[in-house]
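Q: I am sharing data_35.cif, which consists of mmCIF, C-alpha atoms:
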data_coords
#
loop_
_atom_site.label_atom_id
_atom_site.label_comp_id
_atom_site.auth_asym_id
_atom_site.auth_seq_id
_atom_site.Cartn_x
_atom_site.Cartn_y
_atom_site.Cartn_z
CA MET A 1 5.81 -12.24 -47.15
CA LYS A 2 2.18 -12.71 -48.11
CA ILE A 3 -0.19 -10.32 -46.29
CA MET A 4 -3.49 -11.96 -45.33
CA ASN A 5 -6.77 -10.43 -46.33
CA ILE A 6 -8.33 -8.45 -43.47
CA THR A 7 -11.59 -6.50 -43.33
CA CYS A 8 -13.04 -4.05 -40.79
CA ASN A 9 -15.01 -6.96 -39.35
CA ASP A 10 -11.78 -8.63 -38.22
CA ARG A 11 -10.62 -5.58 -36.27
CA ASP A 12 -12.15 -6.36 -32.86
CA ARG A 13 -11.05 -9.98 -32.98
CA ILE A 14 -7.47 -8.87 -33.73
CA PHE A 15 -7.64 -6.28 -30.93
CA GLU A 16 -8.69 -9.04 -28.57
CA ASP A 17 -6.38 -11.86 -29.58
CA GLY A 18 -4.58 -11.16 -32.85
CA THR A 19 -1.33 -12.77 -33.91
CA LEU A 20 1.63 -10.75 -35.17
CA ALA A 21 0.71 -11.57 -38.76
CA GLU A 22 -2.89 -10.46 -38.19
CA TRP A 23 -1.73 -7.18 -36.65
CA ALA A 24 0.53 -6.57 -39.64
CA ALA A 25 -2.41 -7.26 -41.95
CA LEU A 26 -4.63 -4.92 -39.96
CA GLN A 27 -2.03 -2.15 -40.18
CA ALA A 28 -1.84 -2.68 -43.92
CA HIS A 29 -5.63 -2.53 -44.15
CA ALA A 30 -5.72 0.61 -41.97
CA ALA A 31 -3.45 2.37 -44.46
CA THR A 32 -6.38 2.43 -46.84
CA CYS A 33 -9.26 2.55 -44.33
CA PRO A 34 -9.57 5.80 -42.29
CA LEU A 35 -12.01 4.27 -39.82
CA CYS A 36 -9.74 1.36 -38.96
CA ALA A 37 -6.74 3.69 -38.92
CA GLU A 38 -8.51 5.83 -36.32
CA GLU A 39 -9.51 2.78 -34.25
CA VAL A 40 -5.98 1.31 -34.32
CA ARG A 41 -4.54 4.66 -33.30
CA ALA A 42 -7.00 5.05 -30.42
CA TRP A 43 -6.42 1.45 -29.32
CA LYS A 44 -2.65 1.90 -29.20
CA SER A 45 -2.92 5.28 -27.50
CA LEU A 46 -4.56 3.56 -24.52
CA SER A 47 -1.43 1.46 -24.06
CA VAL A 48 0.68 4.60 -24.28
CA ALA A 49 -1.55 6.41 -21.78
CA ALA A 50 -1.29 3.45 -19.40
CA LYS A 51 2.42 4.24 -18.97
CA GLU A 52 1.34 7.39 -17.16
CA LEU A 53 0.13 5.19 -14.31
CA ARG A 54 3.55 3.70 -13.82
CA ASP A 55 5.68 5.13 -11.03
CA TYR A 56 8.48 2.89 -9.84
CA SER A 57 10.19 5.45 -7.67
CA ASN A 58 12.08 3.90 -4.79
CA SER A 59 11.26 4.63 -1.18
CA PRO A 60 14.43 3.89 0.83
CA SER A 61 12.67 3.38 4.14
CA PHE A 62 10.16 0.88 2.79
CA TRP A 63 12.24 -2.32 2.67
CA PRO A 64 13.71 -1.80 6.19
CA ARG A 65 10.14 -1.47 7.46
CA ILE A 66 9.09 -4.73 5.81
CA GLU A 67 12.28 -6.46 6.92
CA ARG A 68 11.66 -5.47 10.53
CA ALA A 69 8.12 -6.83 10.42
CA LEU A 70 9.32 -10.08 8.83
CA ALA A 71 12.08 -10.50 11.42
CA GLU A 72 9.60 -9.99 14.25
CA GLU A 73 7.21 -12.53 12.75
CA ALA A 74 10.09 -15.01 12.29
CA ALA A 75 11.03 -14.63 15.95
CA ARG A 76 7.39 -15.18 17.01
CA LYS A 77 7.21 -18.24 14.77
CA ALA A 78 10.39 -19.64 16.32
CA ARG A 79 8.92 -19.24 19.80
CA ARG A 80 5.75 -21.03 18.71
CA GLY A 81 7.89 -23.72 17.06
CA GLU A 82 9.70 -24.42 20.32
CA ARG A 83 6.38 -24.95 22.02
CA TRP A 84 5.43 -27.69 19.61
CA ASN A 85 8.87 -29.15 19.18
CA TRP A 86 7.99 -32.03 21.44
CA PHE A 87 5.18 -33.07 19.14
CA SER A 88 7.48 -32.85 16.11
CA ARG A 89 9.85 -35.24 17.77
CA LEU A 90 6.93 -37.49 18.63
CA ALA A 91 6.00 -37.68 14.94
CA GLY A 92 9.48 -38.98 14.18
CA LEU A 93 8.96 -42.00 16.38
CA SER A 94 7.47 -45.28 15.21
CA LEU A 95 3.74 -45.90 15.72
CA GLY A 96 4.49 -48.43 18.47
CA TRP A 97 6.52 -45.90 20.43
CA GLN A 98 3.90 -43.24 19.93
CA THR A 99 1.20 -45.57 21.27
CA ALA A 100 3.40 -46.53 24.21
CA LEU A 101 4.09 -42.88 25.02
CA ALA A 102 0.40 -42.00 24.75
CA GLY A 103 -0.42 -44.91 27.10
CA ALA A 104 2.30 -43.81 29.53
CA PHE A 105 0.95 -40.27 29.47
CA VAL A 106 -2.58 -41.44 30.23
CA LEU A 107 -1.27 -43.73 32.98
CA LEU A 108 0.72 -40.88 34.51
CA LEU A 109 -2.30 -38.65 34.38
CA THR A 110 -4.45 -41.33 36.03
CA MET A 111 -1.89 -41.93 38.75
CA ALA A 112 -1.49 -38.21 39.38
CA SER A 113 -5.24 -37.76 39.57
CA GLY A 114 -5.54 -40.77 41.90
CA TRP A 115 -2.74 -39.47 44.09
CA ILE A 116 -4.34 -36.04 44.31
CA TYR A 117 -7.62 -37.71 45.20
CA ILE A 118 -6.06 -39.91 47.90
CA VAL A 119 -3.84 -37.33 49.56
CA ARG A 120 -6.29 -34.46 49.35
CA PRO A 121 -6.80 -32.81 52.74
CA VAL A 122 -9.89 -34.15 54.48
CA ALA A 123 -11.91 -31.34 55.96
CA PRO A 124 -15.49 -30.69 56.89
CA VAL A 125 -17.70 -30.66 53.84
CA ASP A 126 -18.77 -27.07 54.34
CA SER A 127 -15.27 -25.64 54.45
CA ASP A 128 -13.76 -27.76 51.61
CA LYS A 129 -13.75 -25.61 48.52
CA SER A 130 -12.40 -28.42 46.35
CA LEU A 131 -15.63 -30.40 46.77
CA LEU A 132 -18.61 -29.22 44.88
CA ARG A 133 -22.01 -28.94 46.45
CA SER A 134 -24.93 -30.51 44.60
CA SER A 135 -26.32 -27.18 43.26
CA ALA A 136 -22.86 -26.03 42.16
CA LEU A 137 -22.20 -29.48 40.73
CA LYS A 138 -25.30 -29.26 38.58
CA GLU A 139 -24.17 -25.89 37.28
CA VAL A 140 -20.64 -27.19 36.58
CA GLU A 141 -22.00 -30.24 34.77
CA SER A 142 -24.36 -28.26 32.56
CA THR A 143 -21.62 -25.73 31.70
CA GLU A 144 -19.22 -28.57 31.04
CA THR A 145 -21.74 -30.26 28.73
CA ALA A 146 -22.28 -27.02 26.79
CA TYR A 147 -18.52 -26.47 26.54
CA GLU A 148 -17.98 -30.04 25.42
CA ARG A 149 -20.68 -29.65 22.76
CA ALA A 150 -19.06 -26.46 21.46
CA ILE A 151 -15.69 -28.20 21.26
CA ASP A 152 -17.32 -31.13 19.43
CA LYS A 153 -18.58 -28.64 16.84
CA LEU A 154 -15.06 -27.27 16.50
CA ALA A 155 -13.74 -30.82 16.17
CA ALA A 156 -16.27 -31.57 13.41
CA GLU A 157 -15.00 -28.53 11.49
CA ALA A 158 -11.41 -29.62 11.83
CA LYS A 159 -12.14 -33.30 11.09
CA PRO A 160 -11.42 -33.24 7.31
CA GLN A 161 -7.97 -31.69 7.92
CA LEU A 162 -7.16 -34.14 10.65
CA GLU A 163 -8.31 -37.26 8.88
CA ASN A 164 -6.13 -36.55 5.87
CA PRO A 165 -3.37 -34.37 7.28
CA ALA A 166 -1.72 -32.44 4.45
CA THR A 167 1.32 -31.39 6.44
CA PRO A 168 3.48 -32.94 9.18
CA LEU A 169 2.21 -30.20 11.51
CA LEU A 170 -1.40 -31.31 10.99
CA ALA A 171 -0.36 -34.92 11.59
CA ASN A 172 1.18 -33.78 14.88
CA TYR A 173 -1.99 -32.00 15.85
CA HIS A 174 -3.90 -35.17 15.07
CA GLU A 175 -1.65 -37.19 17.37
CA LYS A 176 -1.91 -34.59 20.09
CA LEU A 177 -5.72 -34.60 19.88
CA LEU A 178 -5.78 -38.39 20.17
CA VAL A 179 -3.69 -38.18 23.34
CA LEU A 180 -5.92 -35.42 24.72
CA ASP A 181 -9.09 -37.38 23.91
CA GLY A 182 -7.66 -40.37 25.78
CA ALA A 183 -6.84 -38.22 28.79
CA ILE A 184 -10.27 -36.54 28.69
CA ALA A 185 -12.05 -39.91 28.56
CA ASP A 186 -10.04 -41.11 31.54
CA LEU A 187 -10.67 -37.97 33.58
CA ARG A 188 -14.35 -38.10 32.74
CA ALA A 189 -14.52 -41.65 34.00
CA GLN A 190 -12.87 -40.57 37.26
CA ALA A 191 -15.10 -37.51 37.52
CA GLY A 192 -18.07 -39.85 37.08
CA MET A 193 -16.93 -41.79 40.11
CA ASN A 194 -16.13 -38.64 42.12
CA PRO A 195 -18.53 -36.04 40.80
CA SER A 196 -17.84 -33.61 43.65
CA ASN A 197 -14.08 -33.53 43.19
CA ALA A 198 -13.25 -30.04 41.96
CA GLN A 199 -9.60 -30.96 41.27
CA LEU A 200 -10.71 -33.49 38.69
CA ARG A 201 -13.00 -30.90 37.14
CA TYR A 202 -10.16 -28.41 36.92
CA GLN A 203 -7.96 -30.99 35.21
CA LEU A 204 -10.77 -31.85 32.85
CA LEU A 205 -11.28 -28.18 32.07
CA ALA A 206 -7.56 -27.77 31.38
CA MET A 207 -7.70 -30.71 28.97
CA TYR A 208 -10.73 -29.25 27.20
CA GLN A 209 -9.02 -25.90 26.92
CA GLU A 210 -5.93 -27.53 25.45
CA LYS A 211 -8.14 -29.41 22.99
CA GLN A 212 -9.95 -26.20 22.04
CA HIS A 213 -6.64 -24.40 21.55
CA THR A 214 -5.31 -27.23 19.37
CA LEU A 215 -8.46 -27.33 17.23
CA GLU A 216 -8.29 -23.58 16.76
CA GLU A 217 -4.73 -23.92 15.55
CA VAL A 218 -5.79 -26.66 13.12
CA LEU A 219 -8.51 -24.39 11.73
CA GLU A 220 -6.08 -21.49 11.58
CA ALA A 221 -3.67 -23.68 9.60
CA LYS A 222 -6.52 -24.52 7.22
CA GLN A 223 -7.30 -20.85 6.62
CA ARG A 224 -3.68 -20.18 5.78
CA MET B 1 -13.81 -18.88 -8.10
CA GLY B 2 -14.50 -22.03 -10.06
CA THR B 3 -11.54 -23.44 -11.85
CA MET B 4 -12.69 -26.99 -12.31
CA GLY B 5 -11.99 -28.29 -15.76
CA LEU B 6 -10.14 -25.19 -16.79
CA ALA B 7 -6.54 -25.37 -17.79
CA LEU B 8 -5.00 -22.67 -15.66
CA PRO B 9 -1.54 -21.58 -16.69
CA TRP B 10 0.11 -22.73 -13.50
CA LYS B 11 3.55 -22.57 -14.94
CA ALA B 12 3.15 -19.00 -16.04
CA ARG B 13 6.41 -17.34 -15.27
CA ILE B 14 6.82 -13.75 -14.27
CA SER B 15 9.75 -11.74 -15.38
CA SER B 16 11.03 -8.98 -13.14
CA ARG B 17 11.78 -6.96 -16.25
CA LEU B 18 9.13 -4.91 -17.94
CA ARG B 19 8.24 -5.74 -21.47
CA GLU B 20 8.00 -3.11 -24.14
CA ARG B 21 4.53 -1.76 -24.68
CA GLY B 22 2.81 -1.34 -28.01
CA THR B 23 1.01 -4.02 -29.92
CA ARG B 24 1.81 -6.92 -27.69
CA VAL B 25 1.21 -10.39 -29.00
CA GLU B 26 1.13 -13.32 -26.61
CA PRO B 27 3.87 -15.90 -27.03
CA SER B 28 1.34 -18.77 -27.12
CA ASP B 29 1.43 -18.45 -30.88
CA LEU B 30 5.09 -19.33 -30.99
CA ALA B 31 5.94 -22.92 -31.69
CA GLY B 32 8.12 -25.15 -29.54
CA GLY B 33 8.44 -25.87 -25.85
CA PRO B 34 9.72 -23.60 -23.14
CA SER B 35 12.98 -21.88 -24.00
CA PRO B 36 16.11 -22.33 -21.85
CA ALA B 37 15.57 -18.79 -20.51
CA VAL B 38 12.07 -19.76 -19.34
CA MET B 39 13.44 -22.92 -17.73
CA ASP B 40 16.12 -20.84 -15.96
CA ALA B 41 13.49 -18.44 -14.69
CA LEU B 42 11.37 -21.37 -13.44
CA SER B 43 14.27 -22.79 -11.50
CA GLU B 44 15.12 -19.32 -10.19
CA ASP B 45 11.52 -18.96 -9.05
CA ALA B 46 11.67 -22.37 -7.33
CA ALA B 47 14.98 -21.43 -5.68
CA LEU B 48 13.51 -18.17 -4.43
CA ALA B 49 10.49 -20.02 -3.02
CA SER B 50 12.74 -22.55 -1.35
CA ALA B 51 14.95 -19.83 0.19
CA CYS B 52 11.88 -17.98 1.48
CA ARG B 53 10.53 -21.25 2.91
CA SER B 54 13.77 -21.73 4.83
CA GLY B 55 13.17 -18.34 6.44
CA ASP B 56 16.08 -16.58 4.78
CA LEU B 57 15.29 -12.87 4.97
CA ARG B 58 17.71 -12.19 2.12
CA ALA B 59 15.39 -14.17 -0.15
CA TYR B 60 12.54 -11.84 0.79
CA GLU B 61 14.83 -8.90 0.09
CA ARG B 62 15.54 -10.36 -3.32
CA LEU B 63 11.82 -10.74 -3.96
CA TYR B 64 11.41 -7.10 -2.94
CA THR B 65 14.27 -5.97 -5.17
CA MET B 66 12.81 -7.82 -8.13
CA HIS B 67 9.15 -6.97 -7.64
CA GLY B 68 8.70 -4.47 -4.78
CA ALA B 69 8.34 -1.37 -6.94
CA ARG B 70 5.92 -3.07 -9.31
CA MET B 71 3.90 -4.47 -6.40
CA LYS B 72 3.67 -1.04 -4.82
CA ASN B 73 2.68 0.60 -8.10
CA LEU B 74 -0.04 -2.01 -8.68
CA ALA B 75 -1.34 -1.57 -5.13
CA ARG B 76 -1.32 2.21 -5.50
CA ASN B 77 -3.31 2.03 -8.72
CA VAL B 78 -5.83 -0.32 -7.09
CA LEU B 79 -6.08 1.54 -3.78
CA GLY B 80 -5.43 5.10 -4.92
CA ASN B 81 -2.72 6.21 -2.51
CA ALA B 82 0.84 5.37 -1.54
CA ILE B 83 0.21 4.82 2.18
CA ASP B 84 -2.45 2.14 1.66
CA ALA B 85 -0.29 0.67 -1.11
CA GLU B 86 2.73 0.31 1.19
CA ASP B 87 0.56 -1.25 3.87
CA ALA B 88 -0.81 -3.74 1.33
CA VAL B 89 2.67 -4.66 0.10
CA GLN B 90 3.96 -5.10 3.65
CA GLU B 91 0.92 -7.23 4.51
CA THR B 92 1.60 -9.30 1.39
CA PHE B 93 5.17 -10.04 2.46
CA PHE B 94 3.84 -10.95 5.87
CA LYS B 95 1.28 -13.33 4.35
CA VAL B 96 3.90 -14.87 2.08
CA GLN B 97 6.10 -15.53 5.10
CA ARG B 98 3.24 -17.05 7.06
CA GLY B 99 1.87 -19.08 4.18
CA ILE B 100 5.07 -20.21 2.46
CA ALA B 101 4.88 -23.61 4.17
CA SER B 102 1.58 -24.28 2.42
CA PHE B 103 2.86 -23.14 -1.01
CA ARG B 104 2.85 -26.30 -3.12
CA GLY B 105 4.41 -24.95 -6.29
CA GLN B 106 1.25 -25.40 -8.36
CA SER B 107 1.80 -21.90 -9.71
CA SER B 108 5.01 -19.94 -9.90
CA PHE B 109 6.02 -18.47 -6.55
CA VAL B 110 5.88 -14.94 -7.89
CA THR B 111 2.42 -15.47 -9.43
CA TRP B 112 1.32 -16.71 -6.03
CA THR B 113 2.81 -13.62 -4.37
CA TYR B 114 0.95 -11.28 -6.74
CA ARG B 115 -2.27 -13.23 -6.15
CA ILE B 116 -1.83 -12.59 -2.44
CA LEU B 117 -1.16 -8.91 -3.14
CA ILE B 118 -4.30 -8.55 -5.25
CA ASN B 119 -6.41 -10.28 -2.60
CA THR B 120 -4.85 -8.08 0.07
CA CYS B 121 -5.81 -5.00 -1.96
CA TYR B 122 -9.37 -6.35 -2.31
CA ASP B 123 -9.50 -6.84 1.47
CA ALA B 124 -8.19 -3.33 2.10
CA ARG B 125 -10.78 -1.91 -0.28
CA ARG B 126 -13.57 -3.87 1.42
CA SER B 127 -12.47 -2.78 4.85
CA ARG B 128 -12.37 0.84 3.68
CA LEU B 129 -15.89 0.41 2.35
CA ARG B 130 -17.05 -1.03 5.69
CA LYS B 131 -15.52 1.93 7.52
CA LYS B 132 -17.33 4.28 5.17
CA GLU B 133 -20.60 2.50 5.82
CA VAL B 134 -20.08 2.83 9.55
CA ALA B 135 -19.37 6.54 9.03
CA ASN B 136 -22.64 6.75 7.03
CA ASP B 137 -20.87 7.82 3.93
CA ASP B 138 -22.86 6.31 1.07
CA SER B 139 -20.54 7.33 -1.74
CA GLU B 140 -19.42 4.49 -3.98
CA GLU B 141 -16.08 2.86 -3.21
CA THR B 142 -13.74 3.74 -6.02
CA PRO B 143 -10.08 4.47 -5.55
CA ARG B 144 -9.51 8.16 -4.90
CA HIS B 145 -6.18 8.92 -6.41
CA GLU B 146 -3.83 11.17 -4.52
CA PRO B 147 -1.64 13.58 -6.45
CA ARG B 148 1.56 12.06 -7.74
CA ALA B 149 4.79 13.31 -9.16
CA PRO B 150 3.90 14.90 -12.49
CA GLY B 151 4.45 12.62 -15.48
CA ALA B 152 4.72 13.59 -19.11
CA HIS B 153 0.95 13.98 -19.47
CA PRO B 154 -0.69 14.68 -16.09
CA SER B 155 -4.07 15.51 -17.60
CA LEU B 156 -4.04 12.26 -19.58
CA ARG B 157 -3.20 10.34 -16.42
CA MET B 158 -5.98 11.96 -14.44
CA ALA B 159 -8.49 11.31 -17.22
CA LEU B 160 -7.38 7.68 -17.36
CA GLU B 161 -7.66 7.31 -13.56
CA ARG B 162 -11.17 8.74 -13.62
CA SER B 163 -12.20 6.41 -16.43
CA LEU B 164 -10.58 3.39 -14.80
CA ALA B 165 -12.61 4.06 -11.67
CA LYS B 166 -15.76 3.59 -13.75
CA LEU B 167 -14.76 0.15 -15.01
CA THR B 168 -15.73 -3.04 -13.22
CA GLN B 169 -13.18 -4.18 -10.67
CA HIS B 170 -12.24 -7.12 -12.86
CA GLN B 171 -11.72 -5.01 -15.97
CA ARG B 172 -9.71 -2.46 -14.01
CA ASP B 173 -7.45 -5.14 -12.52
CA VAL B 174 -6.78 -6.82 -15.86
CA PHE B 175 -6.05 -3.47 -17.52
CA LEU B 176 -3.66 -2.45 -14.73
CA LEU B 177 -1.88 -5.80 -14.76
CA TYR B 178 -1.53 -5.98 -18.53
CA GLU B 179 -1.14 -2.44 -19.74
CA VAL B 180 0.48 -0.75 -16.76
CA GLU B 181 2.49 -3.52 -15.14
CA GLY B 182 3.25 -5.40 -18.34
CA PHE B 183 2.20 -8.89 -17.30
CA ARG B 184 1.21 -11.47 -19.89
CA HIS B 185 -2.27 -12.93 -20.06
CA ALA B 186 -0.93 -16.29 -18.86
CA GLU B 187 0.47 -14.58 -15.76
CA ILE B 188 -2.69 -12.56 -15.15
CA ALA B 189 -4.76 -15.73 -15.47
CA GLY B 190 -2.67 -17.31 -12.72
CA MET B 191 -3.01 -14.27 -10.47
CA LEU B 192 -6.74 -13.75 -10.86
CA GLU B 193 -7.54 -17.48 -11.15
CA ILE B 194 -9.24 -17.09 -14.50
CA THR B 195 -8.44 -18.53 -17.91
CA GLU B 196 -6.11 -16.85 -20.36
CA THR B 197 -9.03 -16.39 -22.77
CA ALA B 198 -11.06 -14.69 -20.04
CA SER B 199 -8.13 -12.38 -19.35
CA LYS B 200 -7.87 -11.42 -23.04
CA ASN B 201 -11.60 -10.88 -23.30
CA THR B 202 -11.71 -8.78 -20.12
CA LEU B 203 -8.85 -6.60 -21.37
CA PHE B 204 -10.65 -6.13 -24.68
CA GLN B 205 -13.84 -5.06 -22.89
CA ALA B 206 -11.90 -2.78 -20.56
CA LYS B 207 -10.12 -1.04 -23.43
CA LYS B 208 -13.32 -0.76 -25.41
CA ASN B 209 -15.03 0.91 -22.44
CA LEU B 210 -12.05 3.19 -21.82
CA ARG B 211 -12.00 4.17 -25.46
CA MET B 212 -15.67 5.12 -25.28
CA MET B 213 -15.10 7.17 -22.14
CA LEU B 214 -11.89 8.88 -23.19
CA GLU B 215 -12.35 9.28 -26.88
CA PRO B 216 -15.79 8.41 -28.27
CA PRO B 217 -15.73 7.52 -32.00
CA ARG B 218 -16.41 10.67 -34.00
CA SER B 219 -18.86 9.32 -36.55
CA GLY B 220 -21.04 6.33 -37.21
CA ALA B 221 -19.50 5.85 -40.60
CA ALA B 222 -19.94 2.59 -42.38
CA GLU B 223 -17.98 -0.09 -40.56
CA THR B 224 -17.57 -2.76 -43.13
CA ARG B 225 -15.47 -2.73 -46.17
#
What is this file in C-alpha cells?
A:
Amino acid sequence: MKIMNITCNDRDRIFEDGTLAEWAALQAHAATCPLCAEEVRAWKSLSVAAKELRDYSNSPSFWPRIERALAEEAARKARRGERWNWFSRLAGLSLGWQTALAGAFVLLLTMASGWIYIVRPVAPVDSDKSLLRSSALKEVESTETAYERAIDKLAAEAKPQLENPATPLLANYHEKLLVLDGAIADLRAQAGMNPSNAQLRYQLLAMYQEKQHTLEEVLEAKQR
Amino acid sequence: MGTMGLALPWKARISSRLRERGTRVEPSDLAGGPSPAVMDALSEDAALASACRSGDLRAYERLYTMHGARMKNLARNVLGNAIDAEDAVQETFFKVQRGIASFRGQSSFVTWTYRILINTCYDARRSRLRKKEVANDDSEETPRHEPRAPGAHPSLRMALERSLAKLTQHQRDVFLLYEVEGFRHAEIAGMLEITETASKNTLFQAKKNLRMMLEPPRSGAAETR
C-alpha cells in the first residue's frame, strides 16, 4: 500500500477530519518526527481519558420510577382524550353534517336562551339579581370588552396553527372554535337586545371561557 | 438555531452499542449506500417510535434498556450529579411521551430523544443558575461534579472534569457526546442541530483547548518539516 506524503502542517487537519489513510500516513510520519509523535500521543490520550467519564452502572429503582410517571401521564392523557372524543367523532363526519350539527347547536343554544328569557321569574327590579342595573351593566360591558380583546389577542397567536392545522387534533380545535364563535355571535346579538339580562351574560362568559381554554390548548399543542 | 440551507443528517442512526475508542474515522468516507445493518436499525428505530406513539409502555422500557444508562451518564456529565441526571432523564421520557404525536420522523427517533435530553439538561442548568441568582450567589454556573465510584485513574478524571468545565458549553457537549458517549458526528449534528462539519470543528477546538489545559506542549520547537 502506498503511504501518502504528510508533513507537520497536515497534522491539525487530520486531527479534525482525517481519513484512515491520512491517519496511517500521520503515524508513519510521527515515527520520524518527535513533535508530531508527542502531539499524536497527547491527542489520543484525551480519548483514553474520556473513558474515565463513563459510568454505566445500573440503578434498579430508576426504570420503575420512570415507568410509574409514564403510566400516570398516560392515564391523564386518556382522561383528557375522553373529554375531546366528541370532537374527534365530529371530524370524521362529512362537512355537510358538521355544518348541520353546528347549526343545530346554535339553534339549540338560541332556543334555550330564549326559553330562559321567557320563563324567567318576573320580580321587582330591585330584588331581581339576574337583571343588571345600569352602573353594574356598564362595568360588565367594559370588563367583557377587555376580556374579549384579550381573547382576540390569544386567537391571533393561535391563528397560524388553526388556518393550516398540522394534526387532526388541531383541525378539531378549529371546528370547535368555529362553533363557539357562532354561539358567541348569537348570544351577543341577544345580549344586545336584552342588555340587562344577567343569564345571557353568564352564558356569554361561559362561551368566552371555553374559547379561551380551547385557544390555550392550541397554543400548548404548538409549544409541544 | 438556523438550519436553513444546511444539509442536516436527519437519517443519522444511533446504535445502542458503544463503538471502540481510539482514532475514530467517520464512515462518510466509505463508498456505497447504507448497509443492510443500517437499514435494519432504521426500521427498528421507526418501529420503536411507532410503538411509543401507540402508548405501549414496553416500548419505552426498550428505549430505556437500549439507551437509559448512556442517557443518564450524559446527563450526569452535563449536570454534575446523579440526582439531577436522573431527573433530567425522567423528564426526557415524559417529554417523549407527550410529544411523540408531533414526531414526524425527520430525524431518527433516538436522535430526537437525545435532542430532548440535551435541551432538558440545558433547561435544568438554566433553572439552577436562576436559583443561584435569586440566592445572590454570583459564582459562574459550571457543573460541580459529585464524587463517583473510583475509576482506573481518578485523578485523571477529576482533572478532565475541571478542564471540561472551562470549555464553552458547545465544545463540552460535543466532546462528551463524541469521546465519552461514542456518538458519530452525523448523530451529534442531528442532536445539536448543527452540521457535521461544525461538529468535527467543535470537537477539534475542544480537544485542542483540553490539551492546552491538561498537558501544555513542552517546547516551541520548529513545527514544520
Q: Show which residues sit within 10 Å of Leu178 (chain A), as a list in words. Count all atoms listed in the file, and ignore same-chain residues fewer than 6 positions away.
A: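 The contact residues come out as Ala102, Asn172, Ile184 and Lys211 of chain A.
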Q: Once the PyMOL selection byres ((chain B and resi 95) around 10) has been applied to the shown file, what residues remain in the selection, as a list in words?
A: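 In the shown coordinates, the PyMOL selection byres ((chain B and resi 95) around 10) covers Leu70 and Arg224 of chain A; Val89, Gln90, Glu91, Thr92, Phe93, Phe94, Val96, Gln97, Arg98, Gly99, Ile100, Thr113, Ile116, Leu117 and Thr120 of chain B.
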Q: Which is closer to Arg211 (chain B) than all the others in B:Met191, B:Ala159, B:Ala198, B:Leu176, using only C-alpha atoms?
A: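 Once distances to Arg211 (chain B) are computed over only C-alpha atoms, the minimum belongs to B:Ala159.
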Q: For Leu214 (chain B), please output as a list in words all residues within 12 Å (counting all atoms listed in the file; exclusion window: fewer than 2 positions along the same chain).
A: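 Those residues are Ala42, Trp43, Ser45, Leu46 and Ala49 of chain A; Ser155, Leu156, Arg157, Met158, Ala159, Leu160, Glu161, Arg162, Ser163, Leu164, Lys166, Ala206, Lys207, Lys208, Asn209, Leu210, Arg211, Met212, Pro216, Pro217 and Arg218 of chain B.
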Q: Check which residues of chain A sit at most 10 Å from chain B using all atoms listed in the file, and return one row each with the closest pair of atoms and their distance in Å to one decimal, ordered by chain and rising number, as a tab-separated table.
A:
residue	atom	partner	partner_atom	distance
A:Ile6	CA	B:Arg225	CA	9.5
A:Thr7	CA	B:Arg225	CA	6.1
A:Cys8	CA	B:Thr224	CA	5.3
A:Asn9	CA	B:Thr224	CA	6.2
A:Asp10	CA	B:Thr224	CA	9.6
A:Asp12	CA	B:Phe204	CA	8.3
A:Arg13	CA	B:Phe204	CA	9.2
A:Ile14	CA	B:Phe204	CA	10.0
A:Phe15	CA	B:Phe204	CA	6.9
A:Glu16	CA	B:Phe204	CA	5.2
A:Asp17	CA	B:Lys200	CA	6.7
A:Gly18	CA	B:Val25	CA	7.0
A:Thr19	CA	B:Val25	CA	6.0
A:Leu20	CA	B:Val25	CA	6.2
A:Ala21	CA	B:Val25	CA	9.8
A:Trp23	CA	B:Thr23	CA	7.9
A:Cys33	CA	B:Arg225	CA	8.4
A:Leu35	CA	B:Glu223	CA	7.4
A:Cys36	CA	B:Glu223	CA	8.5
A:Glu38	CA	B:Pro217	CA	8.6
A:Glu39	CA	B:Pro217	CA	8.1
A:Val40	CA	B:Thr23	CA	9.8
A:Ala42	CA	B:Arg211	CA	7.1
A:Trp43	CA	B:Arg211	CA	7.3
A:Lys44	CA	B:Gly22	CA	6.5
A:Ser45	CA	B:Gly22	CA	8.8
A:Leu46	CA	B:Lys207	CA	7.3
A:Ser47	CA	B:Glu179	CA	5.8
A:Val48	CA	B:Gly22	CA	7.3
A:Ala49	CA	B:Leu156	CA	6.7
A:Ala50	CA	B:Val180	CA	5.3
A:Lys51	CA	B:Val180	CA	5.8
A:Glu52	CA	B:Arg157	CA	5.5
A:Leu53	CA	B:Val180	CA	6.4
A:Arg54	CA	B:Val180	CA	6.2
A:Asp55	CA	B:Asn73	CA	6.2
A:Tyr56	CA	B:Ala69	CA	5.2
A:Ser57	CA	B:Ala69	CA	7.1
A:Asn58	CA	B:Ala69	CA	6.8
A:Ser59	CA	B:Ala69	CA	8.8
A:Phe62	CA	B:Glu86	CA	7.6
A:Trp63	CA	B:Tyr64	CA	7.4
A:Pro64	CA	B:Glu61	CA	9.4
A:Arg65	CA	B:Gln90	CA	8.1
A:Ile66	CA	B:Gln90	CA	5.6
A:Glu67	CA	B:Leu57	CA	7.3
A:Arg68	CA	B:Leu57	CA	9.9
A:Ala69	CA	B:Phe94	CA	7.5
A:Leu70	CA	B:Phe94	CA	6.3
A:Ala71	CA	B:Leu57	CA	7.6
A:Glu73	CA	B:Phe94	CA	7.8
A:Ala74	CA	B:Gly55	CA	7.4
A:Lys77	CA	B:Arg98	CA	8.8
A:Ala166	CA	B:Ser102	CA	9.0
A:Thr167	CA	B:Ser102	CA	8.2
A:Ala221	CA	B:Ser102	CA	8.9
A:Lys222	CA	B:Ser102	CA	9.4
A:Gln223	CA	B:Gly99	CA	9.7
A:Arg224	CA	B:Gly99	CA	5.9
Q: Quick one: residues within 10 Å of region 152-165 of chain A, all atoms listed in the file counted, chain neighbours fewer than 3 positions away excluded, as a VMD selection string?
A: chain A and resid 146 to 149 168 to 175 177 211 to 212 214 to 222
Q: How many Å separate CA of Arg125 (chain B) from CA of Asn81 (chain B)?
A: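 CA of Asn81 (chain B) lies at a distance of 11.7 Å from CA of Arg125 (chain B).
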Q: One decimal, in Å: what's the spacing between CA of Lys138 (chain A) and CA of Tyr117 (chain A)?
A: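 Separating CA of Lys138 (chain A) from CA of Tyr117 (chain A) is a distance of 20.7 Å.
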